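Next comes upload_21.cif, with mmCIF, C-alpha atoms (C1' of nucleotides).
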data_data
loop_
_atom_site.label_atom_id
_atom_site.label_comp_id
_atom_site.auth_asym_id
_atom_site.auth_seq_id
_atom_site.Cartn_x
_atom_site.Cartn_y
_atom_site.Cartn_z
CA MET T 1 -72.90 -30.03 -37.31
CA GLN T 2 -76.23 -31.79 -37.18
CA ILE T 3 -78.04 -34.69 -38.73
CA THR T 4 -80.96 -33.61 -40.91
CA ARG T 5 -84.57 -34.50 -40.24
CA ALA T 6 -84.57 -36.39 -43.49
CA ALA T 7 -81.88 -38.77 -42.24
CA GLU T 8 -83.62 -39.07 -38.90
CA TYR T 9 -86.94 -39.91 -40.51
CA GLY T 10 -85.27 -42.27 -42.92
CA VAL T 11 -83.72 -44.31 -40.13
CA LEU T 12 -86.96 -44.32 -38.18
CA GLY T 13 -88.95 -45.42 -41.19
CA LEU T 14 -86.52 -48.22 -41.85
CA THR T 15 -86.69 -49.49 -38.29
CA ALA T 16 -90.44 -49.73 -38.70
CA LEU T 17 -89.86 -51.78 -41.83
CA ALA T 18 -87.23 -53.91 -40.12
CA ARG T 19 -89.55 -54.90 -37.31
CA ARG T 20 -91.71 -56.82 -39.78
CA PRO T 21 -91.08 -60.17 -41.39
CA LEU T 22 -88.41 -59.89 -44.06
CA GLY T 23 -89.70 -59.04 -47.52
CA GLU T 24 -93.06 -57.74 -46.40
CA VAL T 25 -94.24 -54.85 -48.55
CA VAL T 26 -95.44 -51.86 -46.56
CA MET T 27 -96.94 -48.59 -47.75
CA VAL T 28 -95.38 -45.33 -46.66
CA ASP T 29 -98.72 -44.39 -45.12
CA VAL T 30 -98.33 -47.20 -42.66
CA LEU T 31 -94.71 -46.40 -41.87
CA CYS T 32 -95.27 -42.72 -41.31
CA ALA T 33 -98.31 -43.36 -39.16
CA GLU T 34 -96.26 -45.70 -37.02
CA GLU T 35 -93.36 -43.30 -36.55
CA GLU T 36 -95.32 -40.06 -36.75
CA ILE T 37 -93.52 -38.66 -39.73
CA PRO T 38 -95.07 -36.35 -42.35
CA ARG T 39 -96.32 -38.58 -45.14
CA SER T 40 -95.09 -36.89 -48.30
CA PHE T 41 -91.69 -36.19 -46.81
CA LEU T 42 -91.09 -39.83 -45.96
CA GLY T 43 -92.17 -40.77 -49.46
CA LYS T 44 -89.46 -38.57 -50.87
CA ILE T 45 -86.87 -39.94 -48.49
CA PHE T 46 -87.68 -43.51 -49.40
CA GLN T 47 -87.17 -42.69 -53.04
CA ASN T 48 -83.54 -42.06 -52.19
CA LEU T 49 -83.30 -45.23 -50.17
CA ALA T 50 -84.70 -47.15 -53.13
CA LYS T 51 -82.21 -45.53 -55.49
CA ALA T 52 -79.42 -46.53 -53.13
CA GLY T 53 -80.62 -50.13 -53.18
CA ILE T 54 -81.43 -50.27 -49.49
CA VAL T 55 -85.09 -50.72 -50.11
CA LYS T 56 -87.16 -52.06 -53.00
CA SER T 57 -90.22 -50.22 -54.20
CA ALA T 58 -93.35 -51.77 -55.67
CA ARG T 59 -95.73 -49.57 -57.57
CA GLY T 60 -99.39 -49.84 -58.19
CA SER T 61 -102.12 -51.12 -55.96
CA GLY T 62 -100.76 -53.36 -53.25
CA GLY T 63 -97.40 -51.66 -53.62
CA GLY T 64 -95.09 -50.16 -51.07
CA PHE T 65 -91.56 -50.68 -49.84
CA SER T 66 -89.63 -53.66 -48.57
CA LEU T 67 -86.08 -54.09 -47.34
CA SER T 68 -83.81 -55.41 -50.05
CA ARG T 69 -81.40 -56.96 -47.55
CA LEU T 70 -81.41 -58.34 -44.04
CA PRO T 71 -81.51 -55.59 -41.40
CA GLY T 72 -78.24 -56.92 -40.04
CA GLN T 73 -76.58 -56.17 -43.36
CA ILE T 74 -77.66 -52.56 -43.64
CA THR T 75 -75.44 -50.10 -41.82
CA ALA T 76 -76.44 -46.75 -40.42
CA LEU T 77 -73.69 -45.21 -42.51
CA GLU T 78 -75.28 -46.46 -45.70
CA ILE T 79 -78.66 -45.13 -44.72
CA ILE T 80 -77.45 -41.71 -43.70
CA GLU T 81 -75.21 -41.25 -46.73
CA ALA T 82 -77.99 -42.42 -49.03
CA ILE T 83 -80.10 -39.58 -47.75
CA GLU T 84 -77.65 -36.79 -46.96
CA GLY T 85 -74.92 -37.64 -49.42
CA PRO T 86 -71.42 -38.49 -48.30
CA ILE T 87 -70.44 -37.38 -44.82
CA ALA T 88 -67.87 -34.63 -45.24
CA PHE T 89 -66.96 -32.27 -42.43
CA GLN T 90 -65.55 -29.96 -45.05
CA ARG T 91 -65.67 -29.55 -48.82
CA CYS T 92 -62.09 -30.71 -49.27
CA LEU T 93 -62.77 -33.93 -47.37
CA ASP T 94 -65.42 -35.26 -49.71
CA GLU T 95 -63.49 -36.01 -52.84
CA ASP T 96 -59.86 -35.08 -52.76
CA LEU T 97 -60.01 -31.82 -54.60
CA GLY T 98 -57.26 -30.47 -52.38
CA CYS T 99 -57.46 -28.07 -49.49
CA GLU T 100 -57.78 -24.42 -50.28
CA HIS T 101 -55.71 -23.28 -47.36
CA SER T 102 -52.30 -24.75 -47.78
CA GLY T 103 -50.37 -27.86 -48.53
CA GLY T 104 -50.28 -29.38 -45.06
CA CYS T 105 -53.50 -28.06 -43.63
CA ALA T 106 -53.67 -29.06 -39.99
CA LEU T 107 -57.33 -28.22 -39.67
CA CYS T 108 -58.31 -30.54 -42.50
CA SER T 109 -56.32 -33.38 -40.99
CA LEU T 110 -58.12 -32.88 -37.72
CA LEU T 111 -61.51 -32.81 -39.39
CA ALA T 112 -60.61 -35.90 -41.39
CA VAL T 113 -59.87 -37.81 -38.21
CA ALA T 114 -63.08 -36.69 -36.55
CA GLN T 115 -65.09 -37.49 -39.63
CA ASN T 116 -63.65 -40.99 -39.83
CA ARG T 117 -64.54 -41.61 -36.21
CA VAL T 118 -68.20 -40.93 -36.84
CA LYS T 119 -68.11 -43.00 -40.00
CA GLU T 120 -66.71 -45.89 -37.98
CA VAL T 121 -69.49 -45.61 -35.45
CA PHE T 122 -72.16 -45.43 -38.11
CA HIS T 123 -70.60 -48.27 -40.03
CA ALA T 124 -70.52 -50.52 -37.00
CA THR T 125 -74.22 -50.09 -36.34
CA THR T 126 -76.77 -52.01 -38.37
CA LEU T 127 -80.44 -51.51 -38.87
CA SER T 128 -81.20 -54.53 -36.74
CA ASP T 129 -79.28 -52.92 -33.86
CA LEU T 130 -81.46 -49.86 -34.24
CA ALA T 131 -84.74 -51.65 -34.76
CA GLY T 132 -84.21 -53.92 -31.79
CA ARG T 133 -83.93 -51.18 -29.25
CA HIS T 134 -86.36 -48.70 -30.71
CA ILE T 135 -89.91 -48.30 -29.49
CA PRO T 136 -92.02 -46.28 -31.91
CA ASN T 137 -93.45 -43.09 -30.57
CA SER T 138 -96.99 -43.97 -31.58
CA ALA T 139 -96.89 -47.04 -29.35
CA VAL T 140 -95.63 -44.98 -26.43
CA THR T 141 -98.22 -42.25 -26.76
CA ARG T 142 -100.96 -44.81 -27.13
CA ALA T 143 -99.94 -46.52 -23.93
CA ARG T 144 -99.61 -43.24 -22.09
CA GLY T 145 -102.74 -41.49 -23.24
CA LYS T 146 -102.14 -38.15 -24.86
CA SER T 147 -100.29 -36.49 -21.99
CA ARG T 148 -97.90 -34.28 -23.96
CA GLY T 149 -95.80 -33.31 -20.96
CA LYS T 150 -92.32 -34.37 -19.95
CA ILE T 151 -91.39 -37.88 -20.87
CA PRO T 152 -89.81 -39.97 -18.13
CA LEU T 153 -86.83 -41.64 -19.78
CA ALA T 154 -87.44 -45.35 -19.87
CA ALA T 155 -84.73 -47.95 -20.34
CA ALA T 156 -81.15 -46.88 -19.84
CA MET R 1 -72.96 -32.39 -41.05
CA GLN R 2 -70.31 -29.77 -41.73
CA ILE R 3 -68.14 -27.34 -39.92
CA THR R 4 -69.01 -23.71 -40.65
CA ARG R 5 -66.69 -21.23 -42.30
CA ALA R 6 -66.79 -19.23 -39.12
CA ALA R 7 -65.24 -22.05 -37.14
CA GLU R 8 -62.76 -22.72 -39.88
CA TYR R 9 -61.71 -19.08 -39.99
CA GLY R 10 -61.59 -18.90 -36.23
CA VAL R 11 -59.16 -21.78 -35.98
CA LEU R 12 -57.05 -20.39 -38.78
CA GLY R 13 -56.93 -16.95 -37.22
CA LEU R 14 -55.92 -18.42 -33.90
CA THR R 15 -53.09 -20.41 -35.45
CA ALA R 16 -51.76 -17.18 -36.88
CA LEU R 17 -51.88 -15.72 -33.41
CA ALA R 18 -50.29 -18.80 -31.89
CA ARG R 19 -47.28 -18.63 -34.17
CA ARG R 20 -46.21 -15.38 -32.52
CA PRO R 21 -44.56 -14.84 -29.16
CA LEU R 22 -47.07 -15.36 -26.36
CA GLY R 23 -48.96 -12.24 -25.35
CA GLU R 24 -48.24 -10.28 -28.51
CA VAL R 25 -51.16 -8.11 -29.49
CA VAL R 26 -52.14 -8.39 -33.13
CA MET R 27 -54.75 -6.54 -35.12
CA VAL R 28 -57.40 -8.49 -37.01
CA ASP R 29 -56.20 -6.80 -40.19
CA VAL R 30 -52.88 -8.55 -39.82
CA LEU R 31 -54.42 -11.92 -39.03
CA CYS R 32 -56.87 -11.89 -41.89
CA ALA R 33 -54.22 -10.77 -44.35
CA GLU R 34 -52.04 -13.65 -43.23
CA GLU R 35 -54.75 -16.28 -43.56
CA GLU R 36 -56.73 -14.66 -46.37
CA ILE R 37 -59.95 -14.31 -44.45
CA PRO R 38 -62.52 -11.53 -44.96
CA ARG R 39 -61.68 -8.83 -42.49
CA SER R 40 -65.03 -7.92 -40.95
CA PHE R 41 -66.04 -11.55 -40.64
CA LEU R 42 -62.95 -12.46 -38.68
CA GLY R 43 -63.53 -9.46 -36.45
CA LYS R 44 -66.93 -10.81 -35.57
CA ILE R 45 -65.61 -14.28 -34.95
CA PHE R 46 -62.92 -13.02 -32.62
CA GLN R 47 -65.55 -11.22 -30.60
CA ASN R 48 -66.94 -14.65 -29.73
CA LEU R 49 -63.50 -15.99 -28.94
CA ALA R 50 -62.95 -13.04 -26.63
CA LYS R 51 -66.27 -13.61 -24.93
CA ALA R 52 -65.31 -17.25 -24.41
CA GLY R 53 -62.05 -16.21 -22.78
CA ILE R 54 -59.84 -17.79 -25.39
CA VAL R 55 -58.47 -14.48 -26.54
CA LYS R 56 -58.06 -11.08 -24.93
CA SER R 57 -59.03 -7.94 -26.78
CA ALA R 58 -57.39 -4.55 -26.48
CA ARG R 59 -59.21 -1.53 -27.81
CA GLY R 60 -57.96 1.73 -29.10
CA SER R 61 -54.87 2.59 -31.01
CA GLY R 62 -52.27 -0.13 -30.70
CA GLY R 63 -55.02 -2.57 -29.83
CA GLY R 64 -55.83 -5.97 -31.19
CA PHE R 65 -56.08 -9.52 -29.90
CA SER R 66 -53.78 -11.77 -27.94
CA LEU R 67 -54.10 -15.33 -26.71
CA SER R 68 -55.20 -15.45 -23.10
CA ARG R 69 -53.58 -18.85 -22.53
CA LEU R 70 -50.76 -20.94 -23.89
CA PRO R 71 -51.63 -22.52 -27.24
CA GLY R 72 -51.08 -25.93 -25.68
CA GLN R 73 -53.89 -25.23 -23.24
CA ILE R 74 -56.51 -24.28 -25.80
CA THR R 75 -58.35 -27.21 -27.33
CA ALA R 76 -59.97 -27.33 -30.74
CA LEU R 77 -63.20 -28.29 -29.02
CA GLU R 78 -63.20 -25.06 -27.04
CA ILE R 79 -62.58 -23.00 -30.13
CA ILE R 80 -65.23 -24.64 -32.24
CA GLU R 81 -67.86 -24.59 -29.52
CA ALA R 82 -67.09 -20.97 -28.74
CA ILE R 83 -67.96 -20.12 -32.32
CA GLU R 84 -70.65 -22.59 -33.28
CA GLY R 85 -72.18 -23.26 -29.92
CA PRO R 86 -72.19 -26.71 -28.35
CA ILE R 87 -71.69 -29.63 -30.70
CA ALA R 88 -75.00 -31.48 -30.86
CA PHE R 89 -75.81 -33.95 -33.59
CA GLN R 90 -79.44 -33.54 -32.67
CA ARG R 91 -81.57 -31.20 -30.65
CA CYS R 92 -82.13 -33.71 -27.89
CA LEU R 93 -78.40 -34.28 -27.44
CA ASP R 94 -77.56 -30.72 -26.50
CA GLU R 95 -79.18 -30.29 -23.16
CA ASP R 96 -81.14 -33.26 -21.99
CA LEU R 97 -84.60 -32.13 -22.90
CA GLY R 98 -85.56 -35.68 -23.73
CA CYS R 99 -85.96 -37.34 -27.07
CA GLU R 100 -89.13 -36.67 -28.95
CA HIS R 101 -89.33 -40.12 -30.45
CA SER R 102 -89.59 -42.53 -27.61
CA GLY R 103 -88.20 -43.59 -24.29
CA GLY R 104 -85.30 -45.67 -25.44
CA CYS R 105 -84.47 -44.03 -28.74
CA ALA R 106 -81.84 -46.10 -30.49
CA LEU R 107 -81.05 -43.40 -33.02
CA CYS R 108 -80.26 -40.86 -30.34
CA SER R 109 -77.99 -43.30 -28.56
CA LEU R 110 -76.12 -43.85 -31.78
CA LEU R 111 -75.82 -40.16 -32.47
CA ALA R 112 -74.68 -39.59 -28.91
CA VAL R 113 -71.85 -42.05 -29.34
CA ALA R 114 -70.76 -40.55 -32.66
CA GLN R 115 -70.94 -37.06 -31.24
CA ASN R 116 -68.79 -37.99 -28.29
CA ARG R 117 -66.17 -39.45 -30.60
CA VAL R 118 -65.74 -36.18 -32.43
CA LYS R 119 -65.70 -34.30 -29.16
CA GLU R 120 -62.91 -36.56 -27.98
CA VAL R 121 -60.89 -35.90 -31.10
CA PHE R 122 -61.39 -32.17 -30.86
CA HIS R 123 -60.65 -32.17 -27.17
CA ALA R 124 -57.39 -34.03 -27.66
CA THR R 125 -56.09 -31.50 -30.16
CA THR R 126 -54.66 -28.21 -28.99
CA LEU R 127 -54.01 -24.99 -30.77
CA SER R 128 -50.28 -25.62 -30.65
CA ASP R 129 -50.82 -28.92 -32.47
CA LEU R 130 -52.66 -27.04 -35.18
CA ALA R 131 -50.34 -24.07 -35.37
CA GLY R 132 -47.27 -26.23 -35.58
CA ARG R 133 -48.27 -28.04 -38.71
CA HIS R 134 -50.10 -25.26 -40.48
CA ILE R 135 -48.52 -23.18 -43.21
CA PRO R 136 -50.56 -20.07 -43.98
CA ASN R 137 -51.90 -19.81 -47.46
CA SER R 138 -50.47 -16.36 -48.01
CA ALA R 139 -46.98 -17.71 -47.48
CA VAL R 140 -47.58 -20.50 -49.96
CA THR R 141 -48.94 -18.26 -52.69
CA ARG R 142 -46.14 -15.79 -52.18
CA ALA R 143 -43.53 -18.49 -52.60
CA ARG R 144 -45.26 -19.89 -55.65
CA GLY R 145 -46.07 -16.72 -57.53
CA LYS R 146 -49.70 -16.32 -58.39
CA SER R 147 -50.16 -19.62 -60.20
CA ARG R 148 -53.75 -20.40 -59.29
CA GLY R 149 -53.69 -23.89 -60.73
CA LYS R 150 -53.74 -27.23 -58.99
CA ILE R 151 -51.83 -27.37 -55.79
CA PRO R 152 -49.46 -30.29 -55.39
CA LEU R 153 -50.12 -31.64 -51.92
CA ALA R 154 -47.06 -31.13 -49.82
CA ALA R 155 -46.31 -33.02 -46.62
CA ALA R 156 -48.25 -36.21 -45.95
"C1'" DT B 1 -110.83 -49.38 -67.02
"C1'" DC B 2 -110.26 -47.70 -62.55
"C1'" DA B 3 -108.11 -47.08 -58.39
"C1'" DA B 4 -104.05 -47.57 -55.71
"C1'" DA B 5 -99.31 -46.44 -54.86
"C1'" DC B 6 -94.81 -44.88 -56.02
"C1'" DC B 7 -91.95 -41.28 -59.12
"C1'" DG B 8 -90.02 -37.00 -59.70
"C1'" DG B 9 -89.83 -32.28 -60.35
"C1'" DA B 10 -91.46 -27.66 -58.92
"C1'" DC B 11 -92.50 -24.75 -55.41
"C1'" DG B 12 -92.35 -22.11 -51.00
"C1'" DG B 13 -91.73 -20.60 -46.31
"C1'" DA B 14 -88.39 -20.72 -42.59
"C1'" DT B 15 -83.98 -20.86 -41.01
"C1'" DC B 16 -79.02 -20.68 -41.29
"C1'" DT B 17 -74.76 -19.20 -43.46
"C1'" DC B 18 -71.58 -15.82 -44.75
"C1'" DG B 19 -70.58 -11.86 -44.65
"C1'" DT B 20 -70.99 -6.29 -44.72
"C1'" DC B 21 -71.97 -1.84 -42.63
"C1'" DC B 22 -72.15 1.58 -39.36
"C1'" DG B 23 -72.58 4.09 -35.20
"C1'" DG B 24 -70.62 3.55 -30.47
"C1'" DT B 25 -66.93 3.17 -27.21
"C1'" DA B 26 -62.37 2.55 -25.28
"C1'" DT B 27 -57.48 3.68 -25.72
"C1'" DC B 28 -53.33 5.95 -27.09
"C1'" DC B 29 -50.71 9.85 -28.87
"C1'" DT B 30 -49.75 14.59 -29.37
"C1'" DA E 1 -58.39 18.26 -25.19
"C1'" DG E 2 -58.75 16.33 -29.56
"C1'" DG E 3 -57.84 13.04 -33.01
"C1'" DA E 4 -56.87 8.75 -34.77
"C1'" DT E 5 -57.07 3.98 -34.06
"C1'" DA E 6 -59.23 -0.41 -33.20
"C1'" DC E 7 -62.59 -3.32 -31.11
"C1'" DC E 8 -67.98 -3.81 -29.92
"C1'" DG E 9 -72.34 -5.06 -31.21
"C1'" DG E 10 -76.47 -4.89 -33.57
"C1'" DA E 11 -78.88 -4.51 -38.05
"C1'" DC E 12 -79.07 -5.84 -42.52
"C1'" DG E 13 -79.13 -8.79 -46.66
"C1'" DA E 14 -78.17 -12.08 -50.39
"C1'" DG E 15 -77.88 -16.82 -51.02
"C1'" DA E 16 -78.16 -21.64 -49.68
"C1'" DT E 17 -80.15 -25.23 -47.21
"C1'" DC E 18 -83.83 -27.40 -44.70
"C1'" DC E 19 -88.36 -29.14 -44.31
"C1'" DG E 20 -91.81 -30.22 -46.31
"C1'" DT E 21 -96.11 -29.91 -49.78
"C1'" DC E 22 -98.27 -30.47 -54.25
"C1'" DC E 23 -99.37 -32.31 -58.46
"C1'" DG E 24 -99.18 -34.52 -62.78
"C1'" DG E 25 -97.16 -38.89 -64.52
"C1'" DT E 26 -96.40 -43.82 -64.56
"C1'" DT E 27 -96.82 -48.52 -63.09
"C1'" DT E 28 -99.51 -52.24 -61.29
"C1'" DG E 29 -103.45 -55.12 -59.69
"C1'" DA E 30 -108.38 -56.13 -59.73
#

Now, as a test, write the supplied structure out as structure tokens.
Amino acid sequence: MQITRAAEYGVLGLTALARRPLGEVVMVDVLCAEEEIPRSFLGKIFQNLAKAGIVKSARGSGGGFSLSRLPGQITALEIIEAIEGPIAFQRCLDEDLGCEHSGGCALCSLLAVAQNRVKEVFHATTLSDLAGRHIPNSAVTRARGKSRGKIPLAAA
Amino acid sequence: MQITRAAEYGVLGLTALARRPLGEVVMVDVLCAEEEIPRSFLGKIFQNLAKAGIVKSARGSGGGFSLSRLPGQITALEIIEAIEGPIAFQRCLDEDLGCEHSGGCALCSLLAVAQNRVKEVFHATTLSDLAGRHIPNSAVTRARGKSRGKIPLAAA
DNA sequence: TCAAACCGGACGGATCTCGTCCGGTATCCT
DNA sequence: AGGATACCGGACGAGATCCGTCCGGTTTGA
């Protein structure tokens, strides 16, 4: 019952992209430096985002990634499902291959409701919502020196 | 982003218990036969439920498990968290050990909202809700013979 | 032609999942 | 007292998933 690092990194990387002028092509090196994400992992994640049409990739020298839509038109649900696959609290809730327990499985109904709630939340949030409020870690640590201790929560 | 089998089995086992007169002591062998759950696994799961105070255990001959409260007073949230540990979409959302990304992490806020939605759903559902609508698999297969083909969904 | 940058598959260690097994202990029955 | 019964609890283990890394291949620009 957790989000994967891949999805986390994917969202973070996209916010970094979304903070720039629309259409700007950025290398993964830049993005992962900005958000402190392992380089080759983020590369792999962005391959999925490209395949899902969220991001466009440009190869060769001067290449990189750019958003293929406005940040306000990309939902968190899209991003997360592009990386993790469809959100399904249980096997039988993904495609309707029927529940293995019984005809009217109460548990599956419950899980279906819960699952739809989180989908609603993710669907209602766009990348611009996320990018607006997010301050990249690298900026914070730079401003703070390298004190690696407890972080006073800023901004409620 | 999935519920574990353990939680699934736990809920199922408890519904079997909840269908009986309150306080009746039932062996795990009976419960797992009824719900078609591996015996030793369910035993282990019920240990957690006992530790969480959801179920009472009786040892020795004639022993087994019984609900320690009315089914209407046991929430799905309790059950699931007793088995899986606290629901936390991300490490930083469990106890407040602060987000590793930044002060005002937008992603964590989003995940927190989604997580609370599912907690609400689980909290609003009781064991009696689940037990009422659930027909154990064993009963279905008995009534149907051993046709292992596609199951026509009964009851909307 | 060369270097830059993404593509995509293989690999690998760590962790989690899904159980099983077995000796220990508490309880009941005779 | 002595068994038989049933839960307790820890160890074990196969398999899957997670979290990345690596490297050869391909595309592109200079």

Can you list what the PyMOL selection byres ((chain B and resi 19-24) around 7) grabs from this structure, as a PyMOL selection string? (chain R and resi 41) or (chain B and resi 18+25)

Pairwise distance for CA of Gly23 in chain T and CA of Ser68 in chain T, rounded to one decimal in Å: 7.4 Å

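Note that the spacing between CA of Val25 in chain R and CA of Leu107 in chain T amounts to 23.4 Å.
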
For the PyMOL selection byres ((chain B) within 12 of (chain T)), applied here, can you spell out every residue it catches as a list of chain:residue names? B:DC2, B:DA3, B:DA4, B:DA5, B:DC6, B:DC7, B:DG8, B:DG9, B:DC16

Taking all atoms listed in the file into account, produce a table as a tab-separated table in which each residue of chain E with an atom at most 9 Å from an atom of chain T appears once, together with its shortest atom pair and the distance in Å to one decimal, ordered by chain and rising number.
residue	atom	partner	partner_atom	distance
E:DC18	C1'	T:Thr4	CA	7.8
E:DC19	C1'	T:Arg5	CA	7.7
E:DG20	C1'	T:Phe41	CA	6.0
E:DT21	C1'	T:Ser40	CA	7.2
E:DT27	C1'	T:Gly60	CA	5.7
E:DT28	C1'	T:Gly60	CA	3.9
E:DG29	C1'	T:Ser61	CA	5.6
E:DA30	C1'	T:Ser61	CA	8.9

R:Thr75, R:Ser66, R:Thr125, R:Asn48 ranked by distance to chain T, top pick (using all atoms listed in the file): R:Thr125

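Separating CA of Leu70 in chain R from CA of Gln90 in chain T is a distance of 27.3 Å.
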
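Nearest-residue note for chain T: choosing from R:Leu31, R:Ile74, R:Leu110, R:Ile80, the minimum distance belongs to R:Leu110, counting only C-alpha atoms.
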
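Distances to Gln2 in chain R were evaluated for T:Ala76, T:Ile87, T:Val30, T:Ile45 using all atoms listed in the file, and the minimum falls at T:Ile87.
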
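Evaluated on this file, the PyMOL selection byres ((chain R and resi 130) around 9) matches Cys105, Ala106, Leu107 and Leu110 of chain T; Val11, Leu12, Thr15, Ala76, Thr125, Thr126, Leu127, Ser128, Asp129, Ala131, Gly132, Arg133 and His134 of chain R.
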
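The nearest approach to chain T among the residues R:Glu24, R:Glu120, R:Glu35, R:Phe89, with all atoms listed in the file taken into account, belongs to R:Phe89.
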
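Using all atoms listed in the file, the smallest distance between any of R:Lys119, R:Ala82, R:Pro71, R:Ala114 and chain T comes from R:Ala114.
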
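Nearest to chain T of all the residues R:Leu49, R:Val118, R:Leu17, R:Ala124 is R:Val118, based on all atoms listed in the file.
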
Give me the box for range 23-42 of chain R as AutoDock Vina command-line options, namely the centre and edge lengths in Å to one decimal of a box along x, y and z that holds every listed atom plus 6 Å on each side.
--center_x -57.1 --center_y -11.4 --center_z -35.9 --size_x 29.8 --size_y 21.7 --size_z 33.0

Complete the atoms of range 61-79 of chain T to N, CA and C atoms and put them out as a compact mmCIF listing (two decimals), in the coordinates of the input.
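Result went into rebuild.txt, see below:
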# COMPACT_ATOMS: atom_id res chain seq x y z
N SER T 61 -101.32 -50.67 -57.10
CA SER T 61 -102.12 -51.12 -55.96
C SER T 61 -101.45 -52.31 -55.29
N GLY T 62 -101.46 -52.31 -53.99
CA GLY T 62 -100.76 -53.36 -53.25
C GLY T 62 -99.27 -53.13 -53.16
N GLY T 63 -98.83 -51.96 -53.62
CA GLY T 63 -97.40 -51.66 -53.62
C GLY T 63 -96.93 -51.12 -52.29
N GLY T 64 -95.69 -50.67 -52.29
CA GLY T 64 -95.09 -50.16 -51.07
C GLY T 64 -93.60 -50.40 -51.10
N PHE T 65 -93.00 -50.47 -49.92
CA PHE T 65 -91.56 -50.68 -49.84
C PHE T 65 -91.23 -51.91 -49.02
N SER T 66 -90.12 -52.55 -49.38
CA SER T 66 -89.63 -53.66 -48.57
C SER T 66 -88.12 -53.56 -48.51
N LEU T 67 -87.54 -54.07 -47.46
CA LEU T 67 -86.08 -54.09 -47.34
C LEU T 67 -85.50 -54.98 -48.43
N SER T 68 -84.40 -54.57 -49.01
CA SER T 68 -83.81 -55.41 -50.05
C SER T 68 -82.69 -56.28 -49.49
N ARG T 69 -82.40 -56.12 -48.21
CA ARG T 69 -81.40 -56.96 -47.55
C ARG T 69 -81.83 -57.22 -46.11
N LEU T 70 -81.14 -58.12 -45.46
CA LEU T 70 -81.41 -58.34 -44.04
C LEU T 70 -81.02 -57.11 -43.24
N PRO T 71 -81.80 -56.77 -42.22
CA PRO T 71 -81.51 -55.59 -41.40
C PRO T 71 -80.09 -55.61 -40.83
N GLY T 72 -79.59 -56.80 -40.58
CA GLY T 72 -78.24 -56.92 -40.04
C GLY T 72 -77.17 -56.59 -41.06
N GLN T 73 -77.57 -56.46 -42.31
CA GLN T 73 -76.58 -56.17 -43.36
C GLN T 73 -76.71 -54.76 -43.90
N ILE T 74 -77.52 -53.96 -43.24
CA ILE T 74 -77.66 -52.56 -43.64
C ILE T 74 -77.08 -51.69 -42.53
N THR T 75 -76.07 -50.90 -42.86
CA THR T 75 -75.44 -50.10 -41.82
C THR T 75 -76.08 -48.71 -41.76
N ALA T 76 -75.94 -48.11 -40.60
CA ALA T 76 -76.44 -46.75 -40.42
C ALA T 76 -75.72 -45.78 -41.35
N LEU T 77 -74.46 -46.06 -41.60
CA LEU T 77 -73.69 -45.21 -42.51
C LEU T 77 -74.31 -45.18 -43.90
N GLU T 78 -74.62 -46.35 -44.41
CA GLU T 78 -75.28 -46.46 -45.70
C GLU T 78 -76.54 -45.62 -45.75
N ILE T 79 -77.36 -45.81 -44.75
CA ILE T 79 -78.66 -45.13 -44.72
C ILE T 79 -78.47 -43.62 -44.75
